[in-house]
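Structure, as C-alpha cells:
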Amino acid sequence: MHEEGLSERLRLRITPKLEERLKTWAERNDTSVSQYVRQALQEKINDEILSDIDRKL
C-alpha cells in the first residue's frame, strides 16, 4: 500500500488514434494527458461507487 501523496505508475495500451486525440484535447485544454486520464478514471470510479450505493438503497 502507498502512502498518501505518492503515486503508482500505470501503463495502458491504446491505439495511436486515441493517443493523438488525447494529446490534442490536452493541448487545447492546457492540461496533460496524464492529468486528464487521472481525472477521467476518478470520475468513473466515483460514478461506479454512487451507482452501487443507489442499487443497494
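Order determines the names: the first chain of the C-alpha cells is A, the second B, and so forth; residues in each chain are numbered 1 upward, and ligands are numbered 1 upward as they are shown.
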
Surrounding residues of stretch 38-44 of chain A excluding itself and chain neighbours under 4 positions, 12 Å, only C-alpha atoms, as a VMD selection string: chain A and resid 7 to 10 22 31 to 34 48 to 51

Gap from atom CA of A:Thr15 to atom CA of A:Tyr36 - Å, one decimal: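 Atom-to-atom, atom CA of A:Thr15 to atom CA of A:Tyr36, that is 16.8 Å.
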
DSSP alpha helix (DSSP H) selection over chain A, as a VMD selection string: chain A and resid 16 to 28 33 to 56
